[in-house]
>>> print(open('target.cif').read())   # mmCIF, C-alpha atoms
data_coords
#
loop_
_atom_site.group_PDB
_atom_site.id
_atom_site.type_symbol
_atom_site.label_atom_id
_atom_site.label_comp_id
_atom_site.auth_asym_id
_atom_site.auth_seq_id
_atom_site.Cartn_x
_atom_site.Cartn_y
_atom_site.Cartn_z
ATOM 1 C CA MET A 1103 -12.202 35.589 12.716
ATOM 2 C CA GLY A 1104 -10.259 32.836 11.015
ATOM 3 C CA ILE A 1105 -7.741 32.681 13.880
ATOM 4 C CA ASN A 1106 -10.537 32.512 16.479
ATOM 5 C CA PHE A 1107 -12.181 29.670 14.602
ATOM 6 C CA ARG A 1108 -8.919 27.706 14.528
ATOM 7 C CA ASN A 1109 -8.422 28.260 18.250
ATOM 8 C CA LYS A 1110 -11.897 26.971 19.052
ATOM 9 C CA LYS A 1111 -11.331 23.918 16.897
ATOM 10 C CA GLY A 1112 -8.082 23.236 18.714
ATOM 11 C CA LEU A 1113 -9.785 23.504 22.085
ATOM 12 C CA ALA A 1114 -12.546 21.082 21.055
ATOM 13 C CA PHE A 1115 -9.915 18.659 19.799
ATOM 14 C CA THR A 1116 -8.107 18.787 23.170
ATOM 15 C CA PHE A 1117 -11.341 18.044 25.020
ATOM 16 C CA ASP A 1118 -11.936 15.083 22.698
ATOM 17 C CA ILE A 1119 -8.519 13.649 23.506
ATOM 18 C CA ALA A 1120 -8.960 14.211 27.241
ATOM 19 C CA LEU A 1121 -12.397 12.600 27.157
ATOM 20 C CA GLY A 1122 -11.221 9.662 25.011
ATOM 21 C CA THR A 1123 -8.176 9.031 27.199
ATOM 22 C CA GLY A 1124 -10.347 9.215 30.327
ATOM 23 C CA VAL A 1125 -12.881 6.742 28.940
ATOM 24 C CA ILE A 1126 -10.218 4.250 27.809
ATOM 25 C CA PHE A 1127 -8.336 4.581 31.081
ATOM 26 C CA GLY A 1128 -11.571 4.061 33.020
ATOM 27 C CA MET A 1129 -12.409 0.974 30.968
ATOM 28 C CA VAL A 1130 -8.953 -0.526 31.592
ATOM 29 C CA VAL A 1131 -9.255 0.077 35.349
ATOM 30 C CA LEU A 1132 -12.812 -1.316 35.415
ATOM 31 C CA SER A 1133 -11.921 -4.450 33.418
ATOM 32 C CA VAL A 1134 -8.880 -5.194 35.603
ATOM 33 C CA PHE A 1135 -10.979 -4.628 38.736
ATOM 34 C CA LEU A 1136 -13.776 -6.926 37.515
ATOM 35 C CA ALA A 1137 -11.302 -9.577 36.341
ATOM 36 C CA SER A 1138 -9.559 -9.628 39.707
ATOM 37 C CA ARG A 1139 -12.803 -9.499 41.718
ATOM 38 C CA GLY A 1140 -14.642 -12.209 39.789
ATOM 39 C CA SER A 1141 -12.856 -15.208 41.242
ATOM 40 C CA THR A 1142 -12.211 -14.320 44.869
ATOM 41 C CA GLY A 1143 -13.733 -16.722 47.337
ATOM 42 C CA HIS A 1144 -14.537 -19.435 44.792
ATOM 43 C CA LEU A 1145 -12.272 -22.007 46.411
ATOM 44 C CA ALA A 1146 -13.614 -21.395 49.929
ATOM 45 C CA GLU A 1147 -17.213 -21.714 48.716
ATOM 46 C CA TYR A 1148 -16.435 -24.813 46.668
ATOM 47 C CA GLN A 1149 -14.657 -26.412 49.644
ATOM 48 C CA LEU A 1150 -17.581 -25.639 51.940
ATOM 49 C CA SER A 1151 -20.074 -27.140 49.479
ATOM 50 C CA ARG A 1152 -17.941 -30.302 49.060
ATOM 51 C CA ILE A 1153 -17.520 -30.723 52.828
ATOM 52 C CA GLY A 1154 -21.253 -30.151 53.376
ATOM 53 C CA SER A 1155 -22.046 -32.724 50.720
ATOM 54 C CA ASP A 1156 -19.527 -35.141 52.291
ATOM 55 C CA ILE A 1157 -21.185 -34.722 55.701
ATOM 56 C CA LEU A 1158 -24.586 -35.642 54.241
ATOM 57 C CA THR A 1159 -23.049 -38.667 52.487
ATOM 58 C CA VAL A 1160 -21.308 -39.831 55.674
ATOM 59 C CA LEU A 1161 -24.496 -39.388 57.749
ATOM 60 C CA ASP A 1162 -26.511 -41.260 55.111
ATOM 61 C CA GLU A 1163 -23.926 -44.084 54.899
ATOM 62 C CA ARG A 1164 -24.049 -44.412 58.698
ATOM 63 C CA GLU A 1165 -27.857 -44.675 58.459
ATOM 64 C CA SER A 1166 -28.296 -41.623 60.656
ATOM 65 C CA PHE A 1167 -31.609 -40.651 59.052
ATOM 66 C CA ASP A 1168 -33.275 -44.058 59.523
ATOM 67 C CA THR A 1169 -34.515 -43.384 63.059
ATOM 68 C CA LEU A 1170 -35.635 -39.791 62.394
ATOM 69 C CA ASP A 1171 -34.651 -39.221 66.002
ATOM 70 C CA HIS A 1172 -33.733 -35.565 66.517
ATOM 71 C CA THR A 1173 -31.271 -36.220 69.382
ATOM 72 C CA LEU A 1174 -29.496 -39.081 67.606
ATOM 73 C CA ILE A 1175 -29.100 -37.150 64.338
ATOM 74 C CA GLU A 1176 -27.811 -34.124 66.264
ATOM 75 C CA GLN A 1177 -25.271 -36.310 68.040
ATOM 76 C CA LYS A 1178 -24.099 -37.954 64.805
ATOM 77 C CA LEU A 1179 -23.825 -34.564 63.119
ATOM 78 C CA ASP A 1180 -21.674 -33.286 65.994
ATOM 79 C CA ASP A 1181 -19.434 -36.349 65.589
ATOM 80 C CA VAL A 1182 -18.599 -35.592 61.967
ATOM 81 C CA LEU A 1183 -18.566 -31.784 61.864
ATOM 82 C CA PRO A 1184 -15.039 -30.362 61.484
ATOM 83 C CA ALA A 1185 -14.122 -27.826 64.169
ATOM 84 C CA HIS A 1186 -14.119 -24.807 61.832
ATOM 85 C CA ILE A 1187 -17.478 -25.520 60.173
ATOM 86 C CA ASP A 1188 -21.054 -25.269 61.391
ATOM 87 C CA MET A 1189 -24.192 -26.641 59.764
ATOM 88 C CA LEU A 1190 -27.966 -26.477 59.969
ATOM 89 C CA LEU A 1191 -29.631 -29.622 58.668
ATOM 90 C CA ARG A 1192 -33.343 -29.702 57.826
ATOM 91 C CA ILE A 1193 -35.028 -33.044 57.164
ATOM 92 C CA GLU A 1194 -38.476 -32.929 55.585
ATOM 93 C CA GLY A 1195 -40.831 -35.705 54.596
ATOM 94 C CA SER A 1196 -44.075 -37.556 55.288
ATOM 95 C CA PHE A 1197 -43.326 -38.690 58.822
ATOM 96 C CA ALA A 1198 -44.916 -38.060 62.192
ATOM 97 C CA GLU A 1199 -41.855 -36.744 64.055
ATOM 98 C CA GLY A 1200 -41.934 -32.948 64.295
ATOM 99 C CA ASN A 1201 -44.913 -32.820 61.902
ATOM 100 C CA GLY A 1202 -42.616 -33.865 59.056
ATOM 101 C CA THR A 1203 -39.767 -31.434 59.702
ATOM 102 C CA ILE A 1204 -36.679 -32.000 61.836
ATOM 103 C CA GLU A 1205 -33.989 -29.359 62.227
ATOM 104 C CA VAL A 1206 -30.626 -30.055 63.815
ATOM 105 C CA GLY A 1207 -27.363 -28.125 64.070
ATOM 106 C CA GLY A 1208 -26.461 -24.497 64.654
ATOM 107 C CA ASP A 1209 -28.520 -21.353 64.234
ATOM 108 C CA LEU A 1210 -28.257 -19.680 60.851
ATOM 109 C CA PRO A 1211 -25.894 -16.711 61.105
ATOM 110 C CA THR A 1212 -26.925 -13.405 59.592
ATOM 111 C CA ASP A 1213 -23.417 -12.089 58.956
ATOM 112 C CA LYS A 1214 -21.797 -15.033 57.170
ATOM 113 C CA SER A 1215 -21.909 -16.556 53.728
ATOM 114 C CA LEU A 1216 -24.113 -19.666 53.674
ATOM 115 C CA ILE A 1217 -23.740 -22.544 51.230
ATOM 116 C CA PRO A 1218 -26.952 -24.520 50.659
ATOM 117 C CA ILE A 1219 -26.873 -28.229 49.765
ATOM 118 C CA ARG A 1220 -29.937 -30.275 48.843
ATOM 119 C CA ARG A 1221 -30.312 -34.011 48.604
ATOM 120 C CA VAL A 1222 -32.969 -36.725 48.750
ATOM 121 C CA ALA A 1223 -32.515 -39.895 50.821
ATOM 122 C CA LEU A 1224 -34.448 -43.075 51.491
ATOM 123 C CA THR A 1225 -34.712 -44.423 55.033
ATOM 124 C CA SER A 1226 -34.667 -48.147 55.870
ATOM 125 C CA ASP A 1227 -38.497 -48.187 56.061
ATOM 126 C CA SER A 1228 -38.697 -46.670 52.569
ATOM 127 C CA THR A 1229 -39.595 -43.140 53.640
ATOM 128 C CA TYR A 1230 -38.327 -40.461 51.279
ATOM 129 C CA VAL A 1231 -36.769 -37.535 53.062
ATOM 130 C CA LYS A 1232 -35.626 -34.235 51.623
ATOM 131 C CA LEU A 1233 -32.361 -33.024 53.154
ATOM 132 C CA THR A 1234 -31.448 -29.355 53.090
ATOM 133 C CA ALA A 1235 -28.171 -28.355 54.699
ATOM 134 C CA TYR A 1236 -26.652 -24.919 55.152
ATOM 135 C CA VAL A 1237 -22.947 -24.797 55.917
ATOM 136 C CA TRP A 1238 -20.814 -21.870 56.962
ATOM 137 C CA LEU A 1239 -17.428 -21.129 58.447
ATOM 138 C CA LYS A 1240 -17.475 -20.549 62.204
ATOM 139 C CA MET B 1457 10.175 35.474 17.309
ATOM 140 C CA ARG B 1458 7.636 35.470 20.124
ATOM 141 C CA LYS B 1459 5.431 33.017 18.263
ATOM 142 C CA ALA B 1460 8.331 30.603 17.798
ATOM 143 C CA GLN B 1461 9.213 30.754 21.525
ATOM 144 C CA LEU B 1462 5.623 30.099 22.512
ATOM 145 C CA PHE B 1463 5.554 27.092 20.188
ATOM 146 C CA SER B 1464 8.774 25.761 21.687
ATOM 147 C CA LEU B 1465 7.488 26.059 25.256
ATOM 148 C CA GLU B 1466 4.217 24.370 24.300
ATOM 149 C CA SER B 1467 6.005 21.497 22.613
ATOM 150 C CA ILE B 1468 8.374 20.963 25.554
ATOM 151 C CA LEU B 1469 5.440 21.041 27.960
ATOM 152 C CA SER B 1470 3.428 18.600 25.867
ATOM 153 C CA ILE B 1471 6.399 16.214 25.490
ATOM 154 C CA VAL B 1472 7.009 16.260 29.261
ATOM 155 C CA LEU B 1473 3.312 15.700 29.893
ATOM 156 C CA PHE B 1474 3.237 12.905 27.346
ATOM 157 C CA ILE B 1475 6.241 11.173 28.968
ATOM 158 C CA ILE B 1476 4.652 11.486 32.434
ATOM 159 C CA VAL B 1477 1.385 9.970 31.183
ATOM 160 C CA ILE B 1478 3.227 7.136 29.378
ATOM 161 C CA LEU B 1479 5.329 6.374 32.470
ATOM 162 C CA PHE B 1480 2.210 6.380 34.629
ATOM 163 C CA LEU B 1481 0.376 4.061 32.228
ATOM 164 C CA LEU B 1482 3.366 1.718 31.969
ATOM 165 C CA SER B 1483 3.778 1.426 35.749
ATOM 166 C CA PHE B 1484 0.012 0.953 36.152
ATOM 167 C CA TRP B 1485 -0.026 -1.746 33.454
ATOM 168 C CA ASN B 1486 3.001 -3.450 34.995
ATOM 169 C CA LEU B 1487 1.390 -3.498 38.453
ATOM 170 C CA TYR B 1488 -1.894 -4.972 37.249
ATOM 171 C CA SER B 1489 -0.328 -7.479 34.867
ATOM 172 C CA SER B 1490 1.832 -8.846 37.718
ATOM 173 C CA ARG B 1491 -1.252 -9.014 39.943
ATOM 174 C CA LEU B 1492 -3.214 -10.798 37.237
ATOM 175 C CA SER B 1493 -0.447 -13.311 36.533
ATOM 176 C CA SER B 1494 -0.083 -14.160 40.250
ATOM 177 C CA GLN B 1495 -3.858 -14.551 40.455
ATOM 178 C CA ILE B 1496 -3.931 -16.838 37.413
ATOM 179 C CA HIS B 1497 -1.161 -18.920 38.987
ATOM 180 C CA SER B 1498 -3.048 -19.111 42.282
ATOM 181 C CA GLU B 1499 -6.279 -20.137 40.532
ATOM 182 C CA GLU B 1500 -4.482 -22.853 38.587
ATOM 183 C CA LEU B 1501 -3.101 -24.220 41.849
ATOM 184 C CA GLN B 1502 -6.574 -24.174 43.428
ATOM 185 C CA LEU B 1503 -8.145 -25.873 40.423
ATOM 186 C CA GLN B 1504 -5.476 -28.578 40.358
ATOM 187 C CA ALA B 1505 -5.864 -29.190 44.112
ATOM 188 C CA ALA B 1506 -9.648 -29.478 43.773
ATOM 189 C CA GLN B 1507 -9.354 -31.854 40.797
ATOM 190 C CA VAL B 1508 -6.693 -34.042 42.431
ATOM 191 C CA THR B 1509 -8.779 -34.327 45.617
ATOM 192 C CA ASP B 1510 -11.888 -35.186 43.590
ATOM 193 C CA ILE B 1511 -9.987 -37.882 41.645
ATOM 194 C CA LEU B 1512 -8.662 -39.406 44.862
ATOM 195 C CA VAL B 1513 -11.854 -39.505 46.929
ATOM 196 C CA SER B 1514 -14.571 -39.696 44.265
ATOM 197 C CA SER B 1515 -13.207 -42.363 41.919
ATOM 198 C CA ARG B 1516 -12.129 -45.976 42.253
ATOM 199 C CA GLY B 1517 -9.234 -45.290 39.922
ATOM 200 C CA TYR B 1518 -8.227 -47.083 36.765
ATOM 201 C CA PRO B 1519 -8.042 -50.026 36.406
ATOM 202 C CA ASP B 1520 -10.880 -50.558 38.861
ATOM 203 C CA ALA B 1521 -8.869 -52.970 41.022
ATOM 204 C CA TRP B 1522 -5.490 -51.275 40.570
ATOM 205 C CA GLU B 1523 -4.564 -52.007 44.190
ATOM 206 C CA ALA B 1524 -4.125 -55.695 43.247
ATOM 207 C CA ASP B 1525 -1.387 -54.700 40.798
ATOM 208 C CA PRO B 1526 -0.067 -51.234 41.707
ATOM 209 C CA ALA B 1527 2.376 -51.284 38.786
ATOM 210 C CA SER B 1528 -0.586 -51.163 36.372
ATOM 211 C CA VAL B 1529 -2.200 -48.092 37.932
ATOM 212 C CA VAL B 1530 -3.241 -45.326 35.557
ATOM 213 C CA ILE B 1531 -5.475 -43.278 37.890
ATOM 214 C CA PRO B 1532 -4.992 -43.809 41.652
ATOM 215 C CA GLY B 1533 -8.569 -43.413 42.944
ATOM 216 C CA LEU B 1534 -9.222 -44.361 46.587
ATOM 217 C CA MET B 1535 -13.005 -44.689 46.716
ATOM 218 C CA LEU B 1536 -14.715 -47.904 47.792
ATOM 219 C CA ASN B 1537 -18.300 -46.591 47.676
ATOM 220 C CA PRO B 1538 -19.486 -42.972 47.473
ATOM 221 C CA GLY B 1539 -18.371 -41.467 50.787
ATOM 222 C CA SER B 1540 -16.071 -44.364 51.740
ATOM 223 C CA LEU B 1541 -12.374 -44.998 51.232
ATOM 224 C CA ASP B 1542 -10.917 -48.380 50.301
ATOM 225 C CA GLU B 1543 -8.270 -49.328 52.853
ATOM 226 C CA GLN B 1544 -6.289 -51.458 50.401
ATOM 227 C CA LYS B 1545 -6.256 -48.720 47.770
ATOM 228 C CA LEU B 1546 -5.188 -46.248 50.446
ATOM 229 C CA ASN B 1547 -2.272 -48.442 51.564
ATOM 230 C CA GLN B 1548 -1.091 -48.937 47.985
ATOM 231 C CA PHE B 1549 -1.469 -45.210 47.309
ATOM 232 C CA LEU B 1550 0.709 -44.373 50.304
ATOM 233 C CA ALA B 1551 3.333 -46.826 49.048
ATOM 234 C CA LEU B 1552 3.494 -45.332 45.523
ATOM 235 C CA ASP B 1553 6.726 -43.666 44.449
ATOM 236 C CA TYR B 1554 6.415 -39.868 44.873
ATOM 237 C CA GLU B 1555 7.487 -38.951 41.334
ATOM 238 C CA THR B 1556 5.257 -41.679 39.865
ATOM 239 C CA LEU B 1557 2.348 -40.354 41.909
ATOM 240 C CA LYS B 1558 2.843 -36.828 40.554
ATOM 241 C CA GLN B 1559 3.074 -38.212 37.033
ATOM 242 C CA LEU B 1560 -0.128 -40.252 37.453
ATOM 243 C CA LEU B 1561 -2.002 -37.212 38.749
ATOM 244 C CA ASN B 1562 -0.475 -35.055 35.996
ATOM 245 C CA ILE B 1563 0.927 -32.536 38.463
ATOM 246 C CA GLU B 1564 4.645 -32.787 37.695
ATOM 247 C CA ARG B 1565 5.040 -29.011 38.087
ATOM 248 C CA PHE B 1566 3.717 -29.092 41.653
ATOM 249 C CA ASP B 1567 4.464 -30.872 44.913
ATOM 250 C CA ILE B 1568 1.805 -32.746 46.819
ATOM 251 C CA ALA B 1569 1.140 -33.795 50.405
ATOM 252 C CA PHE B 1570 -1.637 -36.133 51.524
ATOM 253 C CA GLU B 1571 -2.919 -36.551 55.077
ATOM 254 C CA LEU B 1572 -5.593 -38.688 56.669
ATOM 255 C CA ARG B 1573 -6.836 -37.442 60.041
ATOM 256 C CA ASP B 1574 -9.468 -38.506 62.532
ATOM 257 C CA VAL B 1575 -12.310 -36.160 63.504
ATOM 258 C CA SER B 1576 -10.169 -34.634 66.260
ATOM 259 C CA GLY B 1577 -7.494 -33.702 63.727
ATOM 260 C CA ASN B 1578 -4.881 -36.319 64.724
ATOM 261 C CA VAL B 1579 -2.803 -37.385 61.717
ATOM 262 C CA LEU B 1580 -3.252 -41.118 61.057
ATOM 263 C CA GLU B 1581 -1.487 -41.436 57.708
ATOM 264 C CA ASN B 1582 0.489 -38.991 55.641
ATOM 265 C CA ARG B 1583 2.424 -38.780 52.430
ATOM 266 C CA GLY B 1584 4.835 -35.848 52.077
ATOM 267 C CA ASN B 1585 4.947 -32.646 54.103
ATOM 268 C CA ILE B 1586 4.119 -29.122 53.024
ATOM 269 C CA SER B 1587 7.323 -27.236 52.293
ATOM 270 C CA SER B 1588 7.908 -24.371 54.693
ATOM 271 C CA THR B 1589 9.592 -22.419 51.872
ATOM 272 C CA ALA B 1590 6.621 -22.618 49.493
ATOM 273 C CA ASP B 1591 5.260 -19.189 48.533
ATOM 274 C CA GLU B 1592 1.724 -20.449 48.303
ATOM 275 C CA ALA B 1593 0.134 -23.792 49.139
ATOM 276 C CA VAL B 1594 -3.491 -24.762 48.584
ATOM 277 C CA VAL B 1595 -5.016 -27.271 50.997
ATOM 278 C CA PHE B 1596 -8.201 -29.104 50.145
ATOM 279 C CA GLN B 1597 -10.233 -30.945 52.783
ATOM 280 C CA ARG B 1598 -12.824 -33.701 52.375
ATOM 281 C CA LEU B 1599 -14.718 -35.987 54.766
ATOM 282 C CA MET B 1600 -14.853 -39.728 54.130
ATOM 283 C CA LEU B 1601 -15.553 -42.980 55.921
ATOM 284 C CA LEU B 1602 -12.805 -45.544 56.378
ATOM 285 C CA LYS B 1603 -13.887 -48.825 57.954
ATOM 286 C CA ASN B 1604 -17.033 -46.991 59.134
ATOM 287 C CA GLN B 1605 -14.965 -44.344 60.934
ATOM 288 C CA THR B 1606 -15.145 -40.708 59.877
ATOM 289 C CA ARG B 1607 -11.856 -39.477 58.467
ATOM 290 C CA GLN B 1608 -10.680 -36.128 57.179
ATOM 291 C CA VAL B 1609 -8.689 -36.188 53.946
ATOM 292 C CA TYR B 1610 -6.284 -33.303 53.325
ATOM 293 C CA VAL B 1611 -4.555 -32.755 49.989
ATOM 294 C CA ALA B 1612 -2.022 -29.920 49.756
ATOM 295 C CA LEU B 1613 -0.492 -28.651 46.533
ATOM 296 C CA TRP B 1614 2.276 -26.116 46.069
ATOM 297 C CA GLU B 1615 4.943 -25.141 43.544
#
>>> encode(input="target.cif", output="structure tokens")
Amino acid sequence: MGINFRNKKGLAFTFDIALGTGVIFGMVVLSVFLASRGSTGHLAEYQLSRIGSDILTVLDERESFDTLDHTLIEQKLDDVLPAHIDMLLRIEGSFAEGNGTIEVGGDLPTDKSLIPIRRVALTSDSTYVKLTAYVWLK
Amino acid sequence: MRKAQLFSLESILSIVLFIIVILFLLSFWNLYSSRLSSQIHSEELQLQAAQVTDILVSSRGYPDAWEADPASVVIPGLMLNPGSLDEQKLNQFLALDYETLKQLLNIERFDIAFELRDVSGNVLENRGNISSTADEAVVFQRLMLLKNQTRQVYVALWE
């Protein structure tokens, strides 16, 4: 009876060790996986957001939004867009053209990561416009 | 006698098992620690490249008019207005001594290349070339205006 009791105790102890080792091992693997996964793609997304923001700044500096002319804005956007990047630019405000909304640029892709950028600008005739841009890699 | 033999076999088996588990854990730890250290190195390079590019295109530098006296430069910023580059600052920047430039940007451990391109990608100005032997180089791109012309700014960093 005594021997059987000791054997059972030993078996339970072995299970404890196996379980403990498994849990610790799993935690190490999980933490390394999360640590390595957490920062992938940060640079690409940051670059895209900076380039998108630069494009809006350049268009604003070149007074591209003053006319609120769809064709002209589209043409100026095409002039500055780098070859590997595409953008959809939405201009909203209290103006007559397009009932207050103008959209230029590419069609939003469904299978790519989009970076949104928002900004407010003032046209030469003091009209506030809200700019929303989505950039993505082609 | 039998009991002692059984004990001996168990102990040998457990020692062998223990050594196998330790070896496995050590090799696993070694693999992931090398991966982590290379990732930390890569992230540091990316962060430095992003910061250097931001300093160059988003600040006027210090002193504000450092281009008038390049010897007094502390921070070599190239911005004229937000979104525009100052041509004079750019010319003085391109003329700076390479080692001095690295020292000013606090990137002595790395090498740097700077390129200015038009919208078609033609190189207009450059400072340094990316080493073909570099294990890893990070290139950062920005868009700026120079004399009302759109220009692409490329900053590459490698060790």
>>> interface_residues(input="target.cif", of="chain B", to="chain A", cutoff="10 Å", atoms="all atoms listed in the file", output="compact mmCIF listing (two decimals) with C-alpha atoms, keeping the file's coordinate frame")
# COMPACT_ATOMS: atom_id res chain seq x y z
CA LEU B 1481 0.38 4.06 32.23
CA PHE B 1484 0.01 0.95 36.15
CA TRP B 1485 -0.03 -1.75 33.45
CA TYR B 1488 -1.89 -4.97 37.25
CA SER B 1489 -0.33 -7.48 34.87
CA ARG B 1491 -1.25 -9.01 39.94
CA LEU B 1492 -3.21 -10.80 37.24
CA GLN B 1495 -3.86 -14.55 40.46
CA ILE B 1496 -3.93 -16.84 37.41
CA GLU B 1499 -6.28 -20.14 40.53
CA GLN B 1502 -6.57 -24.17 43.43
CA LEU B 1503 -8.14 -25.87 40.42
CA ALA B 1505 -5.86 -29.19 44.11
CA ALA B 1506 -9.65 -29.48 43.77
CA ASP B 1510 -11.89 -35.19 43.59
CA ASN B 1537 -18.30 -46.59 47.68
CA PRO B 1538 -19.49 -42.97 47.47
CA GLY B 1539 -18.37 -41.47 50.79
CA SER B 1540 -16.07 -44.36 51.74
CA ASP B 1574 -9.47 -38.51 62.53
CA VAL B 1575 -12.31 -36.16 63.50
CA SER B 1576 -10.17 -34.63 66.26
CA GLY B 1577 -7.49 -33.70 63.73
CA VAL B 1594 -3.49 -24.76 48.58
CA VAL B 1595 -5.02 -27.27 51.00
CA PHE B 1596 -8.20 -29.10 50.14
CA GLN B 1597 -10.23 -30.94 52.78
CA ARG B 1598 -12.82 -33.70 52.38
CA LEU B 1599 -14.72 -35.99 54.77
CA MET B 1600 -14.85 -39.73 54.13
CA LEU B 1601 -15.55 -42.98 55.92
CA ASN B 1604 -17.03 -46.99 59.13
CA GLN B 1605 -14.96 -44.34 60.93
CA THR B 1606 -15.14 -40.71 59.88
CA ARG B 1607 -11.86 -39.48 58.47
CA GLN B 1608 -10.68 -36.13 57.18
>>> axis_aligned_box(input="target.cif", around="range 1191-1204 of chain A", padding_each_side="5 Å", output="JSON")
{"center_x": -37.3, "center_y": -34.2, "center_z": 59.4, "size_x": 25.3, "size_y": 19.1, "size_z": 19.7}
>>> resolve_selection(input="target.cif", expression="the PyMOL selection byres ((chain A and resi 1239) around 9)", output="PyMOL selection string")
chain A and resi 1150+1186-1189+1214-1216+1237-1238+1240
>>> residues_around(input="target.cif", residues="Leu1191 in chain A", least_positions_apart="2", cutoff="8 Å", atoms="only C-alpha atoms", output="list in words")
Met1189, Ile1193, Glu1205, Val1206, Gly1207, Leu1233, Thr1234, Ala1235 and Tyr1236 of chain A
>>> atom_distance(input="target.cif", atom1="CA of Leu1572 in chain B", atom2="CA of Asn1547 in chain B")
11.5 Å
>>> atom_distance(input="target.cif", atom1="CA of Leu1536 in chain B", atom2="CA of Thr1509 in chain B")
15.0 Å
>>> atom_distance(input="target.cif", atom1="CA of Gln1504 in chain B", atom2="CA of Ala1569 in chain B")
13.1 Å
>>> resolve_selection(input="target.cif", expression="the PyMOL selection byres ((chain B and resi 1560) around 12)", output="PDB file with C-alpha atoms, keeping the file's coordinate frame")
ATOM      1  CA  VAL B1508      -6.693 -34.042  42.431  1.00  0.00           C
ATOM      2  CA  ILE B1511      -9.987 -37.882  41.645  1.00  0.00           C
ATOM      3  CA  LEU B1512      -8.662 -39.406  44.862  1.00  0.00           C
ATOM      4  CA  GLY B1517      -9.234 -45.290  39.922  1.00  0.00           C
ATOM      5  CA  TYR B1518      -8.227 -47.083  36.765  1.00  0.00           C
ATOM      6  CA  PRO B1526      -0.067 -51.234  41.707  1.00  0.00           C
ATOM      7  CA  ALA B1527       2.376 -51.284  38.786  1.00  0.00           C
ATOM      8  CA  SER B1528      -0.586 -51.163  36.372  1.00  0.00           C
ATOM      9  CA  VAL B1529      -2.200 -48.092  37.932  1.00  0.00           C
ATOM     10  CA  VAL B1530      -3.241 -45.326  35.557  1.00  0.00           C
ATOM     11  CA  ILE B1531      -5.475 -43.278  37.890  1.00  0.00           C
ATOM     12  CA  PRO B1532      -4.992 -43.809  41.652  1.00  0.00           C
ATOM     13  CA  GLY B1533      -8.569 -43.413  42.944  1.00  0.00           C
ATOM     14  CA  PHE B1549      -1.469 -45.210  47.309  1.00  0.00           C
ATOM     15  CA  LEU B1552       3.494 -45.332  45.523  1.00  0.00           C
ATOM     16  CA  ASP B1553       6.726 -43.666  44.449  1.00  0.00           C
ATOM     17  CA  TYR B1554       6.415 -39.868  44.873  1.00  0.00           C
ATOM     18  CA  GLU B1555       7.487 -38.951  41.334  1.00  0.00           C
ATOM     19  CA  THR B1556       5.257 -41.679  39.865  1.00  0.00           C
ATOM     20  CA  LEU B1557       2.348 -40.354  41.909  1.00  0.00           C
ATOM     21  CA  LYS B1558       2.843 -36.828  40.554  1.00  0.00           C
ATOM     22  CA  GLN B1559       3.074 -38.212  37.033  1.00  0.00           C
ATOM     23  CA  LEU B1561      -2.002 -37.212  38.749  1.00  0.00           C
ATOM     24  CA  ASN B1562      -0.475 -35.055  35.996  1.00  0.00           C
ATOM     25  CA  ILE B1563       0.927 -32.536  38.463  1.00  0.00           C
ATOM     26  CA  GLU B1564       4.645 -32.787  37.695  1.00  0.00           C
TER      27      GLU B1564
END
>>> residues_around(input="target.cif", residues="Gln1548 in chain B", least_positions_apart="5", cutoff="9 Å", atoms="all atoms listed in the file", output="ChimeraX atom specification")
/B:1522-1524,1526,1543
